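Visitor: Below is the file start.txt, with compact mmCIF, C-alpha atoms.
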# COMPACT_ATOMS: atom_id res chain seq x y z
CA LEU Z 1 -133.22 -56.09 -80.92
CA ASP Z 2 -135.74 -53.35 -81.77
CA ASP Z 3 -137.33 -55.61 -84.41
CA VAL Z 4 -137.74 -58.41 -81.88
CA GLN Z 5 -139.26 -56.00 -79.37
CA ASP Z 6 -141.72 -54.70 -81.97
CA ARG Z 7 -142.78 -58.25 -82.78
CA ILE Z 8 -143.34 -59.00 -79.10
CA VAL Z 9 -145.39 -55.83 -78.70
CA ARG Z 10 -147.57 -56.69 -81.69
CA ALA Z 11 -148.02 -60.26 -80.44
CA VAL Z 12 -149.09 -59.12 -76.98
CA ARG Z 13 -151.50 -56.56 -78.39
CA GLY Z 14 -152.95 -59.08 -80.82
CA ALA Z 15 -153.48 -61.68 -78.11
CA LEU Z 16 -155.23 -59.29 -75.72
CA SER Z 17 -157.29 -57.56 -78.39
CA ALA Z 18 -159.43 -60.71 -78.63
CA ILE Z 19 -160.49 -60.38 -74.97
CA PRO Z 20 -163.81 -58.49 -74.60
CA LEU Z 21 -163.06 -55.73 -72.11
CA GLY Z 22 -166.28 -53.72 -72.44
CA ALA Z 23 -164.44 -50.52 -73.32
CA SER Z 24 -167.62 -48.74 -74.40
CA ASN Z 25 -169.16 -49.32 -70.96
CA MET Z 26 -166.10 -47.89 -69.20
CA ASP Z 27 -165.87 -44.56 -71.05
CA GLY Z 28 -167.93 -42.70 -68.47
CA TYR Z 29 -166.07 -44.28 -65.56
CA CYS Z 30 -162.68 -43.46 -67.08
CA GLY Z 31 -163.61 -39.87 -67.96
CA GLY Z 32 -163.79 -40.07 -71.74
CA ALA Z 33 -163.88 -42.23 -74.83
CA GLY Z 34 -160.87 -44.44 -75.45
CA LEU Z 35 -159.36 -43.96 -71.99
CA TRP Z 36 -160.10 -47.52 -70.83
CA GLY Z 37 -157.46 -49.10 -73.06
CA PRO Z 38 -156.26 -51.41 -71.69
CA PHE Z 39 -153.09 -50.29 -73.50
CA GLN Z 40 -151.82 -46.85 -74.33
CA PRO Z 41 -151.23 -46.01 -78.01
CA PRO Z 42 -148.27 -47.75 -79.75
CA PRO Z 43 -145.36 -48.22 -79.62
CA THR Z 44 -145.57 -48.61 -75.83
CA VAL Z 45 -147.06 -51.59 -74.02
CA ASP Z 46 -147.99 -49.61 -70.92
CA PHE Z 47 -151.48 -49.88 -69.51
CA THR Z 48 -153.75 -46.84 -69.41
CA PRO Z 49 -154.10 -45.18 -65.99
CA CYS Z 50 -157.79 -46.09 -65.81
CA PHE Z 51 -157.23 -49.78 -66.55
CA GLU Z 52 -154.29 -49.90 -64.18
CA ASP Z 53 -156.12 -48.28 -61.26
CA THR Z 54 -159.35 -50.18 -61.87
CA VAL Z 55 -157.94 -53.67 -62.44
CA ILE Z 56 -154.31 -54.02 -61.39
CA MET Z 57 -154.39 -51.84 -58.27
CA MET Z 58 -157.82 -53.09 -57.17
CA VAL Z 59 -157.08 -56.82 -57.44
CA PRO Z 60 -154.89 -56.97 -54.27
CA ALA Z 61 -157.40 -54.81 -52.40
CA ALA Z 62 -160.36 -56.98 -53.42
CA PHE Z 63 -158.37 -60.09 -52.51
CA LEU Z 64 -157.59 -58.72 -49.05
CA LEU Z 65 -161.14 -57.58 -48.29
CA PHE Z 66 -162.59 -60.94 -49.28
CA VAL Z 67 -160.02 -62.99 -47.36
CA ALA Z 68 -160.26 -60.73 -44.29
CA LEU Z 69 -164.04 -61.20 -44.18
CA VAL Z 70 -163.72 -64.98 -44.46
CA ARG Z 71 -160.97 -65.05 -41.84
CA TRP Z 72 -162.99 -62.93 -39.42
CA LEU Z 73 -166.05 -65.17 -39.81
CA GLN Z 74 -163.87 -68.22 -39.10
CA THR Z 75 -162.12 -66.88 -36.01
CA ARG Z 76 -164.61 -64.50 -34.39
CA HIS Z 77 -165.62 -67.06 -31.75
CA MET Z 78 -162.17 -68.60 -31.28
CA PRO Z 79 -160.32 -67.79 -28.03
CA PRO Z 80 -156.91 -66.07 -28.20
CA VAL Z 81 -153.86 -68.24 -28.55
CA LEU Z 82 -151.97 -68.31 -25.23
CA ARG Z 83 -148.22 -68.61 -25.48
CA GLY Z 84 -145.78 -69.05 -22.65
CA SER Z 85 -142.81 -66.80 -22.17
CA GLY Z 86 -140.54 -69.51 -23.47
CA GLY Z 87 -142.68 -70.37 -26.50
CA GLY Z 88 -141.65 -69.61 -30.03
CA GLY Z 89 -142.84 -66.39 -31.60
CA GLY Z 90 -143.16 -64.52 -28.32
CA GLY Z 91 -146.24 -63.30 -26.55
CA GLY Z 92 -148.84 -60.90 -27.79
CA GLY Z 93 -147.07 -57.87 -26.32
CA GLU Z 94 -143.74 -58.28 -28.06
CA LEU Z 95 -142.96 -56.12 -31.08
CA SER Z 96 -141.02 -58.03 -33.69
CA VAL Z 97 -139.14 -56.41 -36.55
CA LEU Z 98 -141.45 -58.08 -39.07
CA TYR Z 99 -144.52 -56.76 -37.28
CA MET Z 100 -143.17 -53.22 -37.23
CA LEU Z 101 -142.17 -53.45 -40.89
CA LYS Z 102 -145.65 -54.59 -41.90
CA MET Z 103 -147.28 -51.85 -39.84
CA PHE Z 104 -145.01 -49.27 -41.45
CA THR Z 105 -146.08 -50.60 -44.86
CA VAL Z 106 -149.74 -50.36 -43.86
CA ILE Z 107 -149.35 -46.78 -42.64
CA ALA Z 108 -147.48 -45.78 -45.80
CA ALA Z 109 -150.11 -47.40 -48.04
CA ALA Z 110 -153.00 -45.81 -46.14
CA SER Z 111 -151.31 -42.40 -46.17
CA GLY Z 112 -150.63 -42.57 -49.91
CA ALA Z 113 -154.21 -43.60 -50.69
CA LEU Z 114 -155.57 -40.86 -48.42
CA VAL Z 115 -153.41 -38.23 -50.13
CA ASP Z 116 -154.59 -39.39 -53.57
CA LEU Z 117 -158.20 -39.33 -52.41
CA GLY Z 118 -157.77 -35.85 -50.95
CA GLN Z 119 -156.25 -34.54 -54.17
CA GLY Z 120 -159.04 -36.10 -56.20
CA LEU Z 121 -161.74 -34.59 -53.98
CA HIS Z 122 -160.08 -31.19 -54.16
CA GLN Z 123 -159.94 -31.30 -57.95
CA TRP Z 124 -163.53 -32.57 -58.05
CA HIS Z 125 -164.61 -29.64 -55.87
CA GLU Z 126 -162.86 -27.19 -58.18
CA ASN Z 127 -164.12 -28.74 -61.42
CA HIS Z 128 -166.27 -31.87 -61.51
CA ALA Z 129 -165.47 -32.56 -65.15
CA SER Z 130 -161.71 -32.70 -64.54
CA VAL Z 131 -161.87 -35.80 -62.33
CA ALA Z 132 -162.81 -39.26 -63.56
CA GLN Z 133 -164.74 -41.60 -61.31
CA TYR Z 134 -161.87 -44.06 -61.00
CA GLN Z 135 -159.66 -41.32 -59.55
CA LEU Z 136 -161.94 -41.24 -56.50
CA VAL Z 137 -163.04 -44.87 -56.27
CA THR Z 138 -159.60 -46.48 -56.44
CA PRO Z 139 -157.87 -44.50 -53.63
CA ALA Z 140 -160.96 -44.93 -51.44
CA VAL Z 141 -160.89 -48.72 -51.85
CA LEU Z 142 -157.11 -48.83 -51.36
CA PHE Z 143 -157.44 -46.78 -48.16
CA VAL Z 144 -160.09 -49.16 -46.79
CA ALA Z 145 -157.93 -52.16 -47.74
CA ALA Z 146 -154.89 -50.69 -45.98
CA CYS Z 147 -156.96 -50.04 -42.83
CA VAL Z 148 -158.28 -53.61 -42.92
CA ALA Z 149 -154.74 -54.93 -43.31
CA GLY Z 150 -153.63 -52.91 -40.31
CA LEU Z 151 -156.53 -54.08 -38.16
CA TRP Z 152 -155.90 -57.68 -39.18
CA GLN Z 153 -152.23 -57.34 -38.28
CA VAL Z 154 -152.97 -55.74 -34.90
CA ARG Z 155 -155.66 -58.33 -34.10
CA SER Z 156 -153.30 -61.20 -34.86
CA HIS Z 157 -150.58 -59.59 -32.76
CA VAL Z 158 -152.83 -58.95 -29.75
CA ARG Z 159 -154.31 -62.44 -29.87
CA GLY Z 160 -150.86 -63.97 -30.04
CA GLU Z 161 -151.50 -65.58 -33.42
CA ARG Z 162 -148.98 -66.04 -36.20
CA THR Z 163 -149.59 -63.54 -38.98
CA SER Z 164 -151.46 -65.11 -41.85
CA ASP Z 165 -149.48 -65.88 -44.98
CA LEU Z 166 -152.40 -64.40 -46.93
CA LEU Z 167 -151.65 -61.01 -45.41
CA THR Z 168 -148.05 -61.34 -46.56
CA LEU Z 169 -149.33 -62.30 -50.01
CA TYR Z 170 -151.40 -59.11 -50.06
CA PHE Z 171 -148.33 -56.99 -49.37
CA LEU Z 172 -146.51 -58.78 -52.19
CA LEU Z 173 -149.36 -58.29 -54.67
CA ASP Z 174 -149.66 -54.64 -53.68
CA LEU Z 175 -145.92 -54.15 -54.20
CA LEU Z 176 -146.05 -55.71 -57.67
CA ALA Z 177 -149.04 -53.56 -58.62
CA SER Z 178 -147.24 -50.44 -57.40
CA ILE Z 179 -144.18 -51.31 -59.49
CA ALA Z 180 -146.39 -51.63 -62.57
CA LYS Z 181 -147.93 -48.24 -61.85
CA VAL Z 182 -144.53 -46.60 -61.43
CA ARG Z 183 -143.49 -48.12 -64.78
CA THR Z 184 -146.55 -46.55 -66.41
CA LEU Z 185 -145.98 -43.14 -64.84
CA THR Z 186 -142.26 -42.97 -65.70
CA PRO Z 187 -142.56 -41.94 -69.42
CA PRO Z 188 -144.96 -39.01 -68.73
CA ILE Z 189 -142.73 -37.77 -65.92
CA ARG Z 190 -139.68 -37.89 -68.16
CA ALA Z 191 -141.56 -36.15 -70.96
CA ALA Z 192 -142.69 -33.38 -68.62
CA GLY Z 193 -139.13 -32.95 -67.38
CA SER Z 194 -137.72 -32.67 -70.87
CA VAL Z 195 -140.31 -30.04 -71.78
CA GLY Z 196 -139.48 -28.08 -68.67
CA ASP Z 197 -135.76 -28.16 -69.47
CA GLU Z 198 -136.40 -26.62 -72.86
Let's see the structure in the file written out as structure tokens.

Guide:
Amino acid sequence: LDDVQDRIVRAVRGALSAIPLGASNMDGYCGGAGLWGPFQPPPTVDFTPCFEDTVIMMVPAAFLLFVALVRWLQTRHMPPVLRGSGGGGGGGGELSVLYMLKMFTVIAAASGALVDLGQGLHQWHENHASVAQYQLVTPAVLFVAACVAGLWQVRSHVRGERTSDLLTLYFLLDLLASIAKVRTLTPPIRAAGSVGDE
């Protein structure tokens, strides 16, 4: 099983090594040479933190910001959707479980991004050299994306519109990106715990 896994790892690395990623141009942004990756040193297949925050975490945010702008331009002059009390989906004042769940997700995402941004700014204030640019840019963009998602959700609710499936897709993409980040952070956390136990 280990031999098969090693072959898969080598195959994945070999396939992606042919893709020009501009690593030399990203050294300053990532805080040092070789930190762009996209992969950490063997034998793992985990992405580097810089590549993960810059590409994987930013893709859902960029998707949301683009779609939200297009959606706003399309609907800015449209009147609200009026629904009767007996219509499906309820009126604009009703709070559905799905709406509350999505708003809770938005608040949690915005809070997490704001905490990361605050920590990065604090470290940057203490020592500029200890903080890479991506550690400030990524949480700022994620915070803006979460706020846009919340405003979009509230606007749809107030206007009595059905929530866009694209907003649901954003939550799904953000969840998948967060799972990938947790997977990357797990080995360092375990290593730090084992050192502390000794």

Visitor: In Å, rounded to a single decimal, give me how far CA of Arg7 in chain Z is from CA of Asp46 in chain Z.

Guide: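 Between CA of Asp46 in chain Z and CA of Arg7 in chain Z the gap works out to 15.6 Å.
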
Visitor: So the first atom is CA of Leu101 in chain Z and the second is CA of Gln119 in chain Z; what is the distance between them in Å, to one decimal place?

Guide: 27.1 Å

Visitor: Report as a ChimeraX atom specification all protein, DNA and RNA residues lying within 8 Å of range 163-174 of chain Z, evaluated on all atoms listed in the file, omitting residues in the same chain fewer than 2 positions from it.

Guide: /Z:57,60-61,63-64,67,149,153,156-157,161,176-178

Visitor: Hey, which of Z:Val97, Z:Gly120, Z:Leu151, Z:Leu142 ends up closest to Ala62 in chain Z? Count all atoms listed in the file.

Guide: Z:Leu142

Visitor: Just checking: using only C-alpha atoms, which residue out of Z:Asp27, Z:Val154, Z:Met78, Z:Gly32 ends up closest to Ser130 in chain Z?

Guide: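 Checking each of Z:Asp27, Z:Val154, Z:Met78, Z:Gly32 against Ser130 in chain Z, counting only C-alpha atoms, the winner is Z:Gly32.
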
Visitor: For Leu136 in chain Z, which of Z:Gln74, Z:Thr54, Z:Ser111, Z:Thr186 is the closest residue, counting all atoms listed in the file?

Guide: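 Looking only at the distances to Leu136 in chain Z, the closest residue turns out to be Z:Thr54.
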
Visitor: One decimal, in Å: what's the spacing between CA of Ala140 in chain Z and CA of Asp116 in chain Z?

Guide: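 Here the two named atoms are 8.7 Å from each other.
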
Visitor: With distances taken over only C-alpha atoms, which residue among Z:Ala132, Z:Ala68, Z:Ala109, Z:Leu35 lies nearest Arg155 in chain Z?

Guide: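 Counting only C-alpha atoms, the residue closest to Arg155 in chain Z is Z:Ala68.
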
Visitor: With only C-alpha atoms as the basis for distance, which of Z:Pro79, Z:Val141, Z:Val158, Z:Ile179 is at the shortest distance from Leu65 in chain Z?

Guide: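 Of all the options, Z:Val141 lies closest to Leu65 in chain Z.
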
Visitor: Which residue gives the smallest distance to Phe143 in chain Z among Z:Thr184, Z:Arg76, Z:His125, Z:Ala108, with all atoms listed in the file counted?

Guide: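 Distance minimum relative to Phe143 in chain Z lands on Z:Ala108.
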